[in-house]
Amino acid sequence: MEQRLANTWRMSVNDKKFIESSLLSDLRVDGRRPFDYRKLSIKFGREDGSSEVQLGETHVMGFVTGQLVPPYRDRPNEGSLAIYTEFSPMADPSFEAGRPGENAVELGRIIDRGLRESRAIDTESLCILSGKLVWSIRVDLHILDNGGNLVDAANIAALAALLTFRRPECTLSGDDGQEVIVHSAEEREPLPLIVHHLPVAVTFAFFSNDNVVVIDPTHKEEAVMKGRLTATLNTNGDVCAIQKGGGIGVLQSVVLQCLRIASVKAADMTSKIKDAVESYNTVRAFRKVKRHSAPIAVSVDGSVAIKKQSQDGAQKIEL
Amino acid sequence: MEYVSPEGLRLDGRRPMEMRQIRAEVGAVSKADGSAVFEMGNTKVIAAVYGPREVQNRSQQLNDQALVRCEYTMSNFSTGDRMRRPKGDRRSTEISLVIRQTMEACILTHLMPRSQIDIFVQVLQADGGTRSACINAATLALADAGIPMSDLVTSCSAGYLNSTPLLDLNYVEDSAGGPDVTVGILPKLDKVTLLQMDAKLPIDTFENVMQLATEGCKAIANYIREVLQENTKQLESRRGT
């Protein structure tokens, strides 16, 4: 509960006034124009399905893992996708350890809505044995540094991690075709997820003056802003999710204007994500060539872990 | 599945641009400073407001404005299958946050520094559009409590199924997997304060659906105003002036 005002408390009245009055003449504290995005850089870890996104001073890490589980009863032919957020107390003095706060829940819900409800990830292809075994994909988002606009950064981290995630290939065998074999990465090339489209979140901040709208607010601007709108769009011009949870009222025409700006920015960001993923894939392919020539201990380690998983899977089926 | 028949009727017999019957009652909880029951078809919500009162937790006290708190709960018996809901799951935490921020935007909090306003909303029957119903109920309860507000926030949802924009989705239409746009407006200023959407929708279609939901909000605003005026008249006649 106290979290929401933590930023406001740390800033002096003069600072806030300065930010607000300079915004009236289209000036922002970090020198950007109102509709400029901060510098975005996407990095990937050594393992598949991990990403690190830096948006200005904001730093978010995404990590995707998969597990074989029995499906939900009402959706026997679909795998599942779940988003978990972790606001580390290291990132911001107002974040507290323990249960996720309101902001963490809202962030998770916005990303979840954008990815899941718009069916960006094909969940039907994650089914292995109908009603018995499906892949459950878990996305963990760790906030490492809060420089403002966590939603957009976390959303990009989630997308980048999902695009580079690869799950081991599974085949069915046995007399009745009910036995699942999980192939190790050495045996068969792991499969990427099927991603239909990329929903990119773009956040706008509104201030007490009607005409001031700003894209990608920094931490300081977030302390002054009176309202926020996050629009999640893809390159096909579809709106996948919108969140404006209360705050100052804005005209309908302003909302629509924001959506149009967001769709341009989303296209821009999609290409950046795709470029980053592509260069990762080339590096990865290059690494694989080396792997065959010199088998090292790490690969053995990996295969052991996967074999264990396959036994677990087989046990579940017997039940 | 067919959600709009060739005759242009929806599953519950409504036209695409027709709202469910709404009913509102002020003063449902005797101990509260303000309370209301709001019904949209089979969705029924009760709201109670306490305050402005002394801040319970001194560390949360704000010296320039009132502290607004909100708690959204769903009764175990509100849905088709009775289930025990853990308190503070992700959905209700998010809705509590959204309702709080929406109400905070219209309450003149700077008039009541160092005090606290508590809003409690509980869903008694859920049949789609609980978020909207809760905001409408909270507005009525705040007005009943006599809390100064810049405007009456009202909310309504709209969807898009079978290539038709539909106003005020019920549970069956809501769970069809189509888009669901919840809008909250300040009717006098004609500004959007709450806007939530999920699933996929092209921008042009979204514009129409949002327009439809806004019209719904305005209709609800008129009704809420009537209810409040009627309530005030009754209070006046009871006082015998």
# chains A, B, ... in the order shown; residues from 1 in each chain; ligands from 1
$ closest_atom_pairs --of "chain A" --to "chain B" --cutoff "7 Å" --atoms "only C-alpha atoms" --output "CSV"
residue,atom,partner,partner_atom,distance
A:Glu2,CA,B:Gln60,CA,6.3
A:Glu102,CA,B:Thr93,CA,6.5
A:Val105,CA,B:Arg90,CA,6.0
A:Glu106,CA,B:Glu94,CA,5.7
A:Arg113,CA,B:Asp198,CA,5.9
A:Gly114,CA,B:Asp198,CA,6.9
A:Glu117,CA,B:Ala199,CA,4.7
A:Ser118,CA,B:Ala199,CA,4.3
A:Gly237,CA,B:Pro202,CA,5.9
A:Asp238,CA,B:Pro202,CA,4.1
A:Val239,CA,B:Leu201,CA,5.2
A:Cys240,CA,B:Lys200,CA,4.5
A:Ala241,CA,B:Asp198,CA,4.4
A:Ile242,CA,B:Met197,CA,4.8
A:Gln243,CA,B:Gln196,CA,4.6
A:Lys244,CA,B:Leu195,CA,4.8
A:Gly245,CA,B:Val98,CA,4.7
A:Gly246,CA,B:Thr102,CA,3.7
A:Gly247,CA,B:Ala105,CA,5.1
A:Ile248,CA,B:Ala105,CA,5.6
A:Gly249,CA,B:Thr193,CA,4.1
A:Val250,CA,B:Lys191,CA,4.9
A:Leu251,CA,B:Lys191,CA,4.6
A:Gln252,CA,B:Val192,CA,6.3
$ select_by_dssp --residues "stretch 40-163 of chain B" --states "strand (DSSP E or B)" --output "ChimeraX atom specification"
/B:40,43-54,67-74,107,115-125,149,154-161
$ select_by_dssp --residues "stretch 139-226 of chain B" --states "alpha helix (DSSP H)" --output "JSON, numbers by chain"
{"B": [139, 140, 141, 142, 143, 144, 171, 172, 173, 174, 203, 204, 205, 206, 207, 208, 209, 210, 211, 212, 213, 214, 215, 216, 217, 218, 219, 220, 221, 222, 223, 224, 225, 226]}
$ residues_around --residues "B:Thr109" --least-positions-apart "4" --cutoff "8 Å" --atoms "only C-alpha atoms" --output "list in words"
Gln65, Ala66, Leu67, Glu104 and Pro113 of chain B
$ write_last_selection --atoms "N, CA and C atoms" --output "PDB file, in the first residue's frame"
ATOM      1  N   GLN B  65      -3.344  15.111   1.117  1.00  0.00           N
ATOM      2  CA  GLN B  65      -4.562  14.562   0.514  1.00  0.00           C
ATOM      3  C   GLN B  65      -5.079  13.363   1.314  1.00  0.00           C
ATOM      4  N   ALA B  66      -6.289  12.938   0.983  1.00  0.00           N
ATOM      5  CA  ALA B  66      -6.880  11.798   1.674  1.00  0.00           C
ATOM      6  C   ALA B  66      -6.301  10.503   1.112  1.00  0.00           C
ATOM      7  N   LEU B  67      -6.239   9.502   1.964  1.00  0.00           N
ATOM      8  CA  LEU B  67      -5.774   8.185   1.535  1.00  0.00           C
ATOM      9  C   LEU B  67      -7.005   7.377   1.116  1.00  0.00           C
ATOM     10  N   GLU B 104     -10.079   7.397  -7.090  1.00  0.00           N
ATOM     11  CA  GLU B 104      -9.157   8.424  -6.600  1.00  0.00           C
ATOM     12  C   GLU B 104      -9.114   9.618  -7.562  1.00  0.00           C
ATOM     13  N   PRO B 113      -7.235  16.309   3.763  1.00  0.00           N
ATOM     14  CA  PRO B 113      -5.912  15.790   4.093  1.00  0.00           C
ATOM     15  C   PRO B 113      -5.914  15.044   5.425  1.00  0.00           C
TER      16      PRO B 113
END
$ closest_residue --among "B:Asn208, B:Ser75, B:Ser132, B:Gln122" --to "B:Tyr160" --atoms "only C-alpha atoms"
B:Asn208
$ closest_residue --among "A:Phe206, A:Tyr72, A:Phe35, A:Phe63" --to "A:Cys127" --atoms "only C-alpha atoms"
A:Tyr72
